[in-house]
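As stored in coords-v5.txt (compact mmCIF, C-alpha atoms):
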# COMPACT_ATOMS: atom_id res chain seq x y z
CA SER A 1 -194.73 -40.28 17.70
CA GLU A 2 -193.28 -39.44 14.29
CA VAL A 3 -190.08 -38.13 15.88
CA GLU A 4 -189.62 -41.29 17.95
CA GLY A 5 -190.32 -43.46 14.94
CA ARG A 6 -187.71 -41.64 12.87
CA ALA A 7 -185.19 -41.94 15.67
CA HIS A 8 -185.19 -45.75 15.36
CA GLN A 9 -186.20 -46.57 11.79
CA THR A 10 -186.93 -44.93 8.48
CA TRP A 11 -189.79 -46.00 6.24
CA ARG A 12 -189.78 -44.97 2.62
CA GLY A 13 -193.11 -43.42 1.73
CA SER A 14 -194.66 -43.88 5.18
CA LEU A 15 -193.56 -43.95 8.80
CA ASP A 16 -196.40 -46.37 9.61
CA PRO A 17 -195.13 -49.97 9.30
CA ARG A 18 -198.67 -51.21 8.69
CA GLN A 19 -198.71 -49.23 5.43
CA ALA A 20 -195.19 -50.07 4.28
CA ASP A 21 -194.19 -53.05 2.19
CA ILE A 22 -191.43 -55.09 3.84
CA GLN A 23 -189.20 -54.49 0.81
CA ASP A 24 -189.45 -50.73 1.41
CA PHE A 25 -188.07 -50.90 4.94
CA THR A 26 -184.63 -49.40 5.41
CA PRO A 27 -183.05 -49.81 8.87
CA MET A 28 -181.51 -46.71 10.40
CA PHE A 29 -177.78 -46.35 9.71
CA ALA A 30 -175.47 -47.66 12.40
CA PRO A 31 -171.68 -48.00 12.10
CA ASN A 32 -170.70 -51.35 10.57
CA ASP A 33 -167.74 -53.43 11.70
CA ASP A 34 -165.20 -51.49 9.62
CA GLN A 35 -166.59 -48.17 10.78
CA GLN A 36 -166.52 -49.36 14.40
CA LEU A 37 -162.83 -50.22 13.96
CA LEU A 38 -162.31 -46.70 12.61
CA ILE A 39 -164.13 -45.24 15.63
CA ASP A 40 -162.09 -47.32 18.08
CA SER A 41 -158.74 -46.44 16.51
CA ALA A 42 -159.66 -42.75 16.23
CA ARG A 43 -160.77 -42.73 19.86
CA ARG A 44 -157.44 -44.23 20.94
CA PHE A 45 -155.66 -41.54 18.93
CA THR A 46 -157.62 -38.68 20.51
CA GLN A 47 -157.32 -40.11 24.02
CA LYS A 48 -153.55 -40.23 23.56
CA HIS A 49 -152.95 -36.88 21.85
CA TYR A 50 -155.91 -34.82 23.06
CA ALA A 51 -156.07 -35.89 26.69
CA ASP A 52 -157.46 -33.31 29.15
CA ASP A 53 -153.99 -32.29 30.33
CA LYS A 54 -152.87 -31.66 26.72
CA LEU A 55 -155.85 -29.66 25.47
CA GLY A 56 -154.30 -26.38 26.58
CA GLN A 57 -151.50 -26.95 24.05
CA MET A 58 -153.87 -27.55 21.16
CA GLY A 59 -154.21 -24.76 18.65
CA GLU A 60 -150.98 -23.03 19.61
CA SER A 61 -150.10 -22.98 15.91
CA PRO A 62 -152.26 -23.24 12.79
CA LEU A 63 -151.23 -26.87 12.21
CA ASN A 64 -149.59 -29.60 14.27
CA THR A 65 -147.68 -31.24 11.42
CA ALA A 66 -146.81 -34.36 13.43
CA LEU A 67 -150.47 -35.07 14.23
CA TRP A 68 -151.49 -34.17 10.67
CA SER A 69 -149.05 -36.77 9.31
CA GLU A 70 -150.42 -39.40 11.71
CA MET A 71 -153.96 -38.65 10.53
CA ALA A 72 -152.84 -39.15 6.94
CA GLU A 73 -151.09 -42.43 7.80
CA ALA A 74 -154.29 -43.64 9.50
CA GLY A 75 -156.18 -42.97 6.25
CA TRP A 76 -158.49 -40.31 7.69
CA LEU A 77 -157.64 -37.72 5.04
CA MET A 78 -158.52 -40.04 2.16
CA LEU A 79 -161.92 -41.11 3.53
CA PRO A 80 -164.09 -38.79 1.35
CA PHE A 81 -162.26 -39.48 -1.92
CA SER A 82 -162.93 -42.18 -4.51
CA GLU A 83 -160.49 -44.99 -5.19
CA ALA A 84 -159.86 -43.48 -8.62
CA ASP A 85 -158.57 -40.35 -6.87
CA GLY A 86 -156.43 -42.27 -4.40
CA GLY A 87 -159.11 -42.43 -1.71
CA LEU A 88 -161.06 -45.22 -0.01
CA GLN A 89 -164.52 -45.02 -1.57
CA ALA A 90 -165.63 -47.42 -4.28
CA GLU A 91 -167.21 -46.01 -7.42
CA GLY A 92 -170.63 -44.56 -6.67
CA GLN A 93 -170.12 -44.51 -2.89
CA SER A 94 -170.24 -41.19 -1.03
CA GLY A 95 -168.45 -42.42 2.10
CA LEU A 96 -170.79 -40.36 4.24
CA GLY A 97 -171.18 -43.11 6.85
CA ASP A 98 -167.39 -43.38 7.19
CA CYS A 99 -167.01 -39.62 7.52
CA VAL A 100 -169.80 -39.30 10.09
CA SER A 101 -168.18 -42.07 12.17
CA LEU A 102 -164.85 -40.25 12.10
CA PHE A 103 -166.19 -36.75 12.77
CA GLU A 104 -168.13 -37.89 15.84
CA VAL A 105 -164.82 -38.97 17.36
CA LEU A 106 -163.05 -35.79 16.21
CA GLY A 107 -165.72 -33.82 18.07
CA GLU A 108 -165.42 -36.02 21.13
CA GLY A 109 -161.68 -35.41 21.17
CA LEU A 110 -162.02 -31.64 20.51
CA VAL A 111 -159.59 -32.03 17.59
CA VAL A 112 -158.57 -28.65 16.10
CA GLU A 113 -156.71 -29.74 12.95
CA PRO A 114 -158.43 -28.55 9.71
CA VAL A 115 -159.81 -31.94 8.59
CA LEU A 116 -163.18 -30.50 7.57
CA ALA A 117 -161.68 -27.56 5.69
CA SER A 118 -159.07 -29.51 3.73
CA THR A 119 -160.78 -32.84 3.00
CA ILE A 120 -164.50 -31.98 2.87
CA LEU A 121 -164.70 -28.33 1.75
CA ALA A 122 -161.55 -27.94 -0.35
CA GLY A 123 -161.31 -31.63 -1.25
CA GLY A 124 -164.95 -31.79 -2.30
CA LEU A 125 -164.61 -28.77 -4.56
CA ILE A 126 -161.42 -30.10 -6.14
CA ALA A 127 -163.00 -33.53 -6.70
CA ALA A 128 -165.94 -31.82 -8.46
CA SER A 129 -163.62 -30.11 -10.96
CA PRO A 130 -162.72 -31.52 -14.41
CA GLU A 131 -159.89 -34.04 -14.73
CA SER A 132 -156.48 -32.38 -14.88
CA GLN A 133 -152.95 -32.85 -13.61
CA SER A 134 -153.46 -30.02 -11.12
CA ARG A 135 -156.59 -31.73 -9.77
CA SER A 136 -154.73 -35.02 -9.31
CA ASP A 137 -151.76 -33.34 -7.63
CA LEU A 138 -153.95 -31.40 -5.20
CA ILE A 139 -155.90 -34.47 -4.10
CA ALA A 140 -152.69 -36.49 -3.78
CA GLY A 141 -151.27 -33.74 -1.58
CA ILE A 142 -154.33 -33.76 0.70
CA VAL A 143 -154.54 -37.53 1.21
CA SER A 144 -150.79 -37.87 1.79
CA GLY A 145 -150.79 -35.31 4.61
CA GLY A 146 -149.23 -32.41 2.74
CA ALA A 147 -150.13 -28.83 3.51
CA PRO A 148 -153.90 -28.37 3.93
CA VAL A 149 -155.85 -26.63 1.17
CA GLY A 150 -157.84 -23.65 2.47
CA VAL A 151 -161.21 -22.29 1.37
CA ALA A 152 -161.99 -18.54 1.26
CA LEU A 153 -165.75 -18.24 0.77
CA HIS A 154 -166.95 -15.60 3.25
CA GLU A 155 -166.63 -11.82 3.17
CA PRO A 156 -166.84 -9.16 5.91
CA ARG A 157 -169.96 -7.51 4.46
CA ALA A 158 -171.76 -10.71 3.42
CA ARG A 159 -173.69 -11.20 6.70
CA HIS A 160 -173.55 -15.01 6.38
CA ASP A 161 -174.83 -14.97 2.78
CA ILE A 162 -172.38 -17.21 0.95
CA TRP A 163 -173.54 -15.88 -2.42
CA TYR A 164 -172.89 -12.22 -1.59
CA CYS A 165 -169.49 -11.76 -3.18
CA GLU A 166 -167.65 -8.49 -3.75
CA ALA A 167 -164.33 -10.11 -4.69
CA THR A 168 -163.94 -9.96 -8.47
CA ALA A 169 -162.12 -12.00 -11.07
CA SER A 170 -161.46 -10.43 -14.45
CA LYS A 171 -159.79 -11.85 -17.54
CA SER A 172 -156.23 -10.62 -18.03
CA GLY A 173 -154.66 -11.93 -21.22
CA ASP A 174 -154.68 -15.71 -20.93
CA GLY A 175 -155.11 -15.57 -17.15
CA TRP A 176 -157.06 -13.87 -14.38
CA THR A 177 -156.72 -10.93 -12.01
CA LEU A 178 -158.38 -11.20 -8.59
CA THR A 179 -159.23 -8.31 -6.27
CA GLY A 180 -161.13 -8.37 -2.99
CA HIS A 181 -161.16 -9.30 0.69
CA LYS A 182 -162.18 -12.72 2.03
CA SER A 183 -162.63 -13.41 5.75
CA LEU A 184 -162.84 -16.51 7.95
CA ALA A 185 -161.01 -18.61 5.39
CA HIS A 186 -161.00 -22.11 6.90
CA GLY A 187 -157.76 -24.05 6.62
CA ALA A 188 -156.03 -21.08 5.00
CA ALA A 189 -153.82 -20.32 8.00
CA ALA A 190 -151.55 -23.27 7.18
CA ALA A 191 -152.30 -23.65 3.46
CA GLU A 192 -150.08 -23.34 0.43
CA THR A 193 -153.11 -23.17 -1.88
CA ILE A 194 -156.43 -21.46 -1.14
CA ILE A 195 -159.67 -21.90 -3.08
CA VAL A 196 -161.19 -18.43 -3.45
CA LEU A 197 -164.78 -17.63 -4.40
CA ALA A 198 -164.88 -14.59 -6.69
CA ARG A 199 -167.40 -12.97 -9.00
CA ILE A 200 -166.74 -13.27 -12.72
CA GLU A 201 -170.04 -11.79 -13.88
CA GLY A 202 -172.79 -9.67 -12.33
CA GLU A 203 -172.93 -7.50 -9.24
CA PRO A 204 -172.76 -8.30 -5.49
CA GLY A 205 -176.16 -9.42 -4.29
CA SER A 206 -177.16 -10.99 -7.61
CA GLY A 207 -177.09 -14.50 -6.13
CA SER A 208 -175.01 -17.48 -7.12
CA ALA A 209 -174.95 -16.74 -10.85
CA GLY A 210 -171.62 -15.56 -12.23
CA LEU A 211 -169.43 -16.93 -9.42
CA GLY A 212 -166.23 -18.88 -9.95
CA LEU A 213 -163.77 -20.78 -7.75
CA PHE A 214 -160.05 -20.10 -8.18
CA LEU A 215 -156.86 -21.78 -6.99
CA VAL A 216 -154.73 -19.06 -5.40
CA PRO A 217 -151.18 -19.63 -4.07
CA ALA A 218 -150.95 -18.34 -0.50
CA ASP A 219 -147.54 -16.77 -1.18
CA GLY A 220 -148.46 -15.33 -4.60
CA ALA A 221 -147.90 -11.72 -5.63
CA GLY A 222 -150.79 -9.52 -4.53
CA VAL A 223 -151.99 -12.12 -1.98
CA THR A 224 -151.87 -11.33 1.74
CA VAL A 225 -152.89 -14.04 4.21
CA THR A 226 -153.46 -12.97 7.84
CA PRO A 227 -153.98 -15.98 10.16
CA TYR A 228 -155.79 -15.70 13.48
CA ARG A 229 -157.05 -18.03 16.18
CA LEU A 230 -160.73 -18.33 17.03
CA ARG A 231 -162.13 -18.75 20.53
CA ASP A 232 -162.57 -22.48 19.91
CA ASP A 233 -158.81 -22.77 19.12
CA HIS A 234 -159.40 -23.43 15.43
CA TRP A 235 -157.46 -21.25 13.00
CA VAL A 236 -158.77 -19.23 10.07
CA ALA A 237 -157.36 -16.36 8.01
CA ASP A 238 -158.26 -13.19 6.18
CA VAL A 239 -157.18 -13.24 2.53
CA LYS A 240 -156.66 -9.94 0.74
CA LEU A 241 -156.30 -9.93 -3.02
CA ASP A 242 -154.76 -6.81 -4.48
CA GLY A 243 -154.66 -7.41 -8.21
CA ALA A 244 -153.38 -10.96 -7.76
CA THR A 245 -152.42 -12.29 -11.19
CA LEU A 246 -153.14 -15.95 -11.91
CA GLY A 247 -152.72 -18.26 -14.88
CA ALA A 248 -155.50 -19.66 -17.04
CA ASP A 249 -155.43 -22.94 -15.10
CA ALA A 250 -156.29 -21.14 -11.85
CA LEU A 251 -160.02 -21.39 -12.60
CA LEU A 252 -161.18 -24.49 -10.72
CA LEU A 253 -164.92 -24.19 -11.48
CA GLY A 254 -166.67 -21.53 -13.55
CA PRO A 255 -170.14 -19.95 -13.31
CA GLY A 256 -172.91 -22.46 -12.72
CA ALA A 257 -170.61 -25.37 -11.90
CA ALA A 258 -169.09 -23.48 -8.95
CA ALA A 259 -172.46 -22.81 -7.31
CA GLU A 260 -173.66 -26.38 -7.87
CA ALA A 261 -170.51 -27.87 -6.34
CA LEU A 262 -170.60 -25.43 -3.42
CA GLU A 263 -174.17 -26.31 -2.51
CA LYS A 264 -173.36 -30.02 -2.34
CA VAL A 265 -170.12 -29.53 -0.44
CA ILE A 266 -171.67 -27.14 2.08
CA ASP A 267 -174.54 -29.57 2.77
CA LYS A 268 -172.01 -32.32 3.43
CA ALA A 269 -169.92 -30.05 5.65
CA ARG A 270 -173.06 -29.04 7.55
CA LEU A 271 -173.84 -32.70 8.31
CA LEU A 272 -170.28 -33.42 9.43
CA LEU A 273 -170.30 -30.36 11.68
CA ALA A 274 -173.48 -31.81 13.21
CA ALA A 275 -171.69 -35.16 13.64
CA GLU A 276 -168.78 -33.37 15.30
CA GLY A 277 -171.25 -31.59 17.57
CA THR A 278 -172.89 -34.86 18.63
CA GLY A 279 -169.46 -36.19 19.56
CA ILE A 280 -168.94 -33.15 21.81
CA MET A 281 -172.43 -33.60 23.30
CA ARG A 282 -171.66 -37.24 24.08
CA ARG A 283 -168.45 -36.31 25.84
CA VAL A 284 -169.97 -33.65 28.07
CA CYS A 285 -172.97 -35.88 28.91
CA LEU A 286 -170.68 -38.71 30.02
CA ALA A 287 -168.42 -36.32 31.93
CA THR A 288 -171.39 -34.81 33.76
CA GLN A 289 -172.83 -38.19 34.69
CA ALA A 290 -169.46 -39.35 36.04
CA TYR A 291 -168.90 -36.12 37.99
CA THR A 292 -172.33 -36.13 39.65
CA MET A 293 -171.87 -39.77 40.67
CA ASP A 294 -168.52 -38.96 42.27
CA ARG A 295 -169.22 -35.52 43.79
CA LYS A 296 -171.10 -35.62 47.10
CA GLN A 297 -173.32 -33.06 48.79
CA PHE A 298 -174.98 -33.62 52.18
CA GLY A 299 -173.26 -36.99 52.28
CA VAL A 300 -174.83 -38.36 49.09
CA PRO A 301 -173.84 -38.20 45.38
CA LEU A 302 -175.20 -35.26 43.42
CA ALA A 303 -176.67 -37.77 40.98
CA SER A 304 -179.10 -38.93 43.65
CA PHE A 305 -181.01 -35.63 43.53
CA GLN A 306 -184.02 -35.99 41.28
CA VAL A 307 -183.93 -32.46 39.89
CA LEU A 308 -180.36 -33.04 38.66
CA GLN A 309 -181.35 -36.40 37.23
CA HIS A 310 -184.06 -34.65 35.19
CA ARG A 311 -181.54 -32.21 33.78
CA MET A 312 -179.12 -34.97 32.84
CA VAL A 313 -181.91 -36.92 31.17
CA ASP A 314 -182.75 -33.82 29.12
CA MET A 315 -179.09 -33.57 28.10
CA GLN A 316 -179.02 -37.23 27.05
CA VAL A 317 -182.28 -36.95 25.10
CA ALA A 318 -180.95 -33.89 23.23
CA PHE A 319 -177.84 -35.87 22.29
CA ASP A 320 -179.86 -38.92 21.17
CA GLN A 321 -182.18 -36.81 19.05
CA ALA A 322 -179.33 -34.94 17.36
CA ARG A 323 -177.42 -38.13 16.62
CA SER A 324 -180.58 -39.80 15.26
CA LEU A 325 -181.02 -36.94 12.80
CA VAL A 326 -177.39 -37.30 11.69
CA TYR A 327 -177.87 -41.04 11.19
CA GLU A 328 -181.16 -40.43 9.37
CA ALA A 329 -179.32 -38.25 6.85
CA VAL A 330 -176.80 -41.05 6.23
CA THR A 331 -179.67 -43.55 5.88
CA HIS A 332 -181.28 -41.45 3.15
CA ASP A 333 -177.90 -41.01 1.44
CA LEU A 334 -177.35 -44.78 1.37
CA ALA A 335 -180.85 -45.19 -0.08
CA GLY A 336 -180.01 -42.68 -2.83
CA ASP A 337 -182.56 -40.08 -1.69
CA ALA A 338 -180.47 -36.90 -1.93
CA GLU A 339 -183.36 -34.54 -1.18
CA ALA A 340 -184.34 -36.33 2.03
CA ALA A 341 -180.67 -36.58 3.04
CA THR A 342 -180.27 -32.81 2.65
CA ARG A 343 -183.39 -32.13 4.75
CA ALA A 344 -182.19 -34.43 7.52
CA ALA A 345 -178.69 -32.94 7.43
CA ARG A 346 -180.07 -29.44 7.88
CA ALA A 347 -182.33 -30.61 10.69
CA ALA A 348 -179.36 -32.27 12.41
CA TYR A 349 -177.28 -29.13 12.07
CA ARG A 350 -180.04 -27.03 13.61
CA ALA A 351 -180.51 -29.51 16.47
CA VAL A 352 -176.81 -29.45 17.31
CA SER A 353 -176.64 -25.68 16.95
CA GLU A 354 -179.49 -25.12 19.41
CA ASP A 355 -179.57 -28.13 21.73
CA GLY A 356 -175.81 -28.69 21.70
CA VAL A 357 -175.12 -25.26 23.16
CA GLU A 358 -177.75 -25.85 25.84
CA VAL A 359 -176.18 -29.21 26.72
CA GLY A 360 -172.78 -27.51 27.03
CA LYS A 361 -174.18 -24.85 29.35
CA GLN A 362 -175.95 -27.42 31.52
CA ALA A 363 -172.74 -29.46 31.82
CA ILE A 364 -170.81 -26.45 33.09
CA GLN A 365 -173.54 -25.54 35.57
CA LEU A 366 -173.82 -29.07 36.93
CA HIS A 367 -170.06 -29.13 37.49
CA GLY A 368 -170.29 -25.94 39.55
CA GLY A 369 -167.11 -23.91 39.94
CA MET A 370 -164.99 -26.69 38.44
CA GLY A 371 -166.96 -26.33 35.23
CA MET A 372 -165.55 -22.83 34.79
CA SER A 373 -161.97 -24.07 35.09
CA GLU A 374 -159.75 -24.63 32.05
CA GLU A 375 -158.52 -27.78 33.80
CA LEU A 376 -161.70 -29.42 32.52
CA PRO A 377 -162.60 -29.57 28.80
CA LEU A 378 -166.15 -28.26 29.31
CA GLY A 379 -165.43 -24.61 28.51
CA ARG A 380 -163.51 -25.61 25.40
CA ALA A 381 -166.38 -27.90 24.38
CA LEU A 382 -168.95 -25.13 24.79
CA ARG A 383 -166.84 -22.68 22.78
CA ARG A 384 -166.65 -25.18 19.92
CA LEU A 385 -170.41 -25.79 20.06
CA LEU A 386 -170.95 -22.02 19.90
CA ALA A 387 -168.63 -21.82 16.88
CA ILE A 388 -170.58 -24.61 15.16
CA GLN A 389 -173.77 -22.70 15.89
This structure in structure tokens:
Amino acid sequence: SEVEGRAHQTWRGSLDPRQADIQDFTPMFAPNDDQQLLIDSARRFTQKHYADDKLGQMGESPLNTALWSEMAEAGWLMLPFSEADGGLQAEGQSGLGDCVSLFEVLGEGLVVEPVLASTILAGGLIAASPESQSRSDLIAGIVSGGAPVGVALHEPRARHDIWYCEATASKSGDGWTLTGHKSLAHGAAAAETIIVLARIEGEPGSGSAGLGLFLVPADGAGVTVTPYRLRDDHWVADVKLDGATLGADALLLGPGAAAEALEKVIDKARLLLAAEGTGIMRRVCLATQAYTMDRKQFGVPLASFQVLQHRMVDMQVAFDQARSLVYEAVTHDLAGDAEAATRAARAAYRAVSEDGVEVGKQAIQLHGGMGMSEELPLGRALRRLLAIQ
């Protein structure tokens, strides 16, 4: 079938190999040797610091600075950035394959540090801005393990529409004055600087036109940051702007450029959330298989019952399909087909959002009463999958 064909190989122009020239064949992305080393080292890190008996301590504060510093030393926080900006990617390389490899393991380990918010969302927006000393300093701070940079894009009345923006930015002398209320600001709970989406022109509901992105100090006058912990143990914050006065250099990206950069960054974040979700799916599938092999009923392992085997096969197939879509997006990105990469990324995100939650529920049910216990990571895994959804 077309789905099965895409799960193993991608053909440019046609999925039928009889109609494709051999030069047009592009093998499906798979981690290379360097990426496998990254996966192995990241897995050792999560197994050490995010072991089952330590998960209850995760998320007790907005940021574990010791773990954040270790992530920086390992080079994780510089993965998305170009070499010119102090990162690891050669000129013209997106680093998407590297990031997907890392985020799968972050999902597997149920890591709660704001890697996505600071490096992909905030870092991507900063990297898209014009060259300046502020830009260089911010990226250097991210890759070195300094305080995360937060992103305040959502609003309480927006109903998931990123372009519905009531927060306003008006010119004030040589600078800007910001007023409004942003909610669910990722990475902002531990940030010193927050990137805020505000409307420069037009009215709320008029789409992406007229929006700008501003660098706002978390401790600035007229800025109130209220951190809170989500059910998946990640931290976000509400950001209230009451006539916050900023300098002229606070404008990161103006109308037009802000919307363009946001679209690209959000598509990338969507794919990496899907990669994180597949890592979680892998973990709960393996845990369920191990448990049903060990747990006995009527003198035989639970895994010997055919009806349970069917359910575990469905879980594994859902994981394989979701991961294949993630890898397909990377394959298109490597081939330079941005439109196909975006389509595959959105399909992967939907697959994880729907099938990932179902896999999490099945894992808990197949574990029985133990699945409801916080001693096992299954409940925490399902809560994160629900948050991704």
Discussion item. For a quick check of your reading of the model, name the residues lying within 8 Å of the coordinate (-160.9, -38.3, 17.5), counting only C-alpha atoms, and write them as an MDAnalysis selection string.
Written reply: chainID A and resid 39 42:47 102:111
Item to complete: Point out the residue among A:Ala191, A:Val112, A:Ile120, A:Leu88 with the least atom-to-atom distance to Met58 (chain A), counting only C-alpha atoms.
Response: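 Among A:Ala191, A:Val112, A:Ile120, A:Leu88, it is A:Val112 that comes nearest to Met58 (chain A).
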Practice prompt. Write out as a PyMOL selection string the residues lying within 8 Å of Cys99 (chain A), counting only C-alpha atoms and excluding same-chain residues fewer than 4 positions away.
Written response: chain A and resi 79-80+95+103+272
Taking all atoms of region 28-35 of chain A that the file lists, what box with edges along x, y and z, padded by 5 Å per side, do you get, with centre and edge lengths in Å to one decimal, as AutoDock Vina command-line options?
--center_x -173.4 --center_y -49.9 --center_z 11.0 --size_x 26.3 --size_y 17.1 --size_z 12.8
Per-residue nearest contacts region 31-61 of chain A to region 358-379 of chain A, cut-off 8 Å, using only C-alpha atoms, as CSV:
residue,atom,partner,partner_atom,distance
A:Asp52,CA,A:Pro377,CA,6.4
A:Asp53,CA,A:Glu375,CA,7.3
A:Leu55,CA,A:Pro377,CA,7.5
A:Gly56,CA,A:Glu374,CA,7.9
Fill in: Nearest to Gln57 (chain A) by atom-to-atom distance, counting all atoms listed in the file, from A:Asp233, A:Asp219, A:Glu83, A:Glu339
A:Asp233
Discussion item. Report, in Å with one decimal, the straight-line distance from CA of Ala122 (chain A) to CA of Thr226 (chain A).
Written reply: 18.9 Å
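The spacing separating CA of Ser206 (chain A) from CA of Thr177 (chain A) amounts to 20.9 Å.
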Neighbours of point (-175.4, -31.7, 6.4) within 6 Å, using only C-alpha atoms, written as a JSON list (two decimals) with C-alpha atoms, keeping the file's coordinate frame:
[["chain", "number", "residue", "atom", "x", "y", "z"],
["A", 267, "ASP", "CA", -174.54, -29.57, 2.77],
["A", 268, "LYS", "CA", -172.01, -32.32, 3.43],
["A", 269, "ALA", "CA", -169.92, -30.05, 5.65],
["A", 270, "ARG", "CA", -173.06, -29.04, 7.55],
["A", 271, "LEU", "CA", -173.84, -32.70, 8.31],
["A", 345, "ALA", "CA", -178.69, -32.94, 7.43],
["A", 346, "ARG", "CA", -180.07, -29.44, 7.88]]
Fill in: Contact residues around His332 (chain A) with only C-alpha atoms at 8 Å, ignoring same-chain residues under 6 positions, as a list in words
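My list of contacting residues is Ala338, Ala340 and Ala341 of chain A.
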Item to complete: May I ask for the distance between CA of Ala221 (chain A) and CA of Leu246 (chain A), given in Å to one decimal place?
Response: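 The value is 9.2 Å.
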Worksheet item: A:His49, A:Arg157, A:Arg323, A:Arg229: which is nearest Val100 (chain A), counting all atoms listed in the file?
Response: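 Checking each of A:His49, A:Arg157, A:Arg323, A:Arg229 against Val100 (chain A), counting all atoms listed in the file, the winner is A:Arg323.
Using only C-alpha atoms, the nearest neighbour of Glu131 (chain A) within the list A:Asp85, A:Asp355, A:Glu60, A:Glu73 is A:Asp85.
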Discussion item. Here is a test: counting all atoms listed in the file, which residue of A:Ala248, A:Val317, A:Ala351, A:Val239 is nearest to Ala188 (chain A)?
Written reply: A:Val239
Practice prompt. Skip Asp232 (chain A) itself and residues of its chain fewer than 6 positions away, then list as a PyMOL selection string all residues within 7 Å of it, counting only C-alpha atoms.
Written response: chain A and resi 380+383-384+387
Discussion item. Applying 7 Å and all atoms listed in the file, which residues near Met281 (chain A) remain after dropping the ones on its own chain fewer than 4 positions away? List them as a list in words.
Written reply: Gly277, Cys285, Phe319, Gly356 and Val359 of chain A
Based on the selection just made, write C-alpha atoms of those residues as a PDB file, in the coordinates of the input.
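Output file result-v2.pdb is given in full below:
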ATOM      1  CA  GLY A 277    -171.250 -31.590  17.570  1.00  0.00           C
ATOM      2  CA  CYS A 285    -172.970 -35.880  28.910  1.00  0.00           C
ATOM      3  CA  PHE A 319    -177.840 -35.870  22.290  1.00  0.00           C
ATOM      4  CA  GLY A 356    -175.810 -28.690  21.700  1.00  0.00           C
ATOM      5  CA  VAL A 359    -176.180 -29.210  26.720  1.00  0.00           C
TER       6      VAL A 359
END
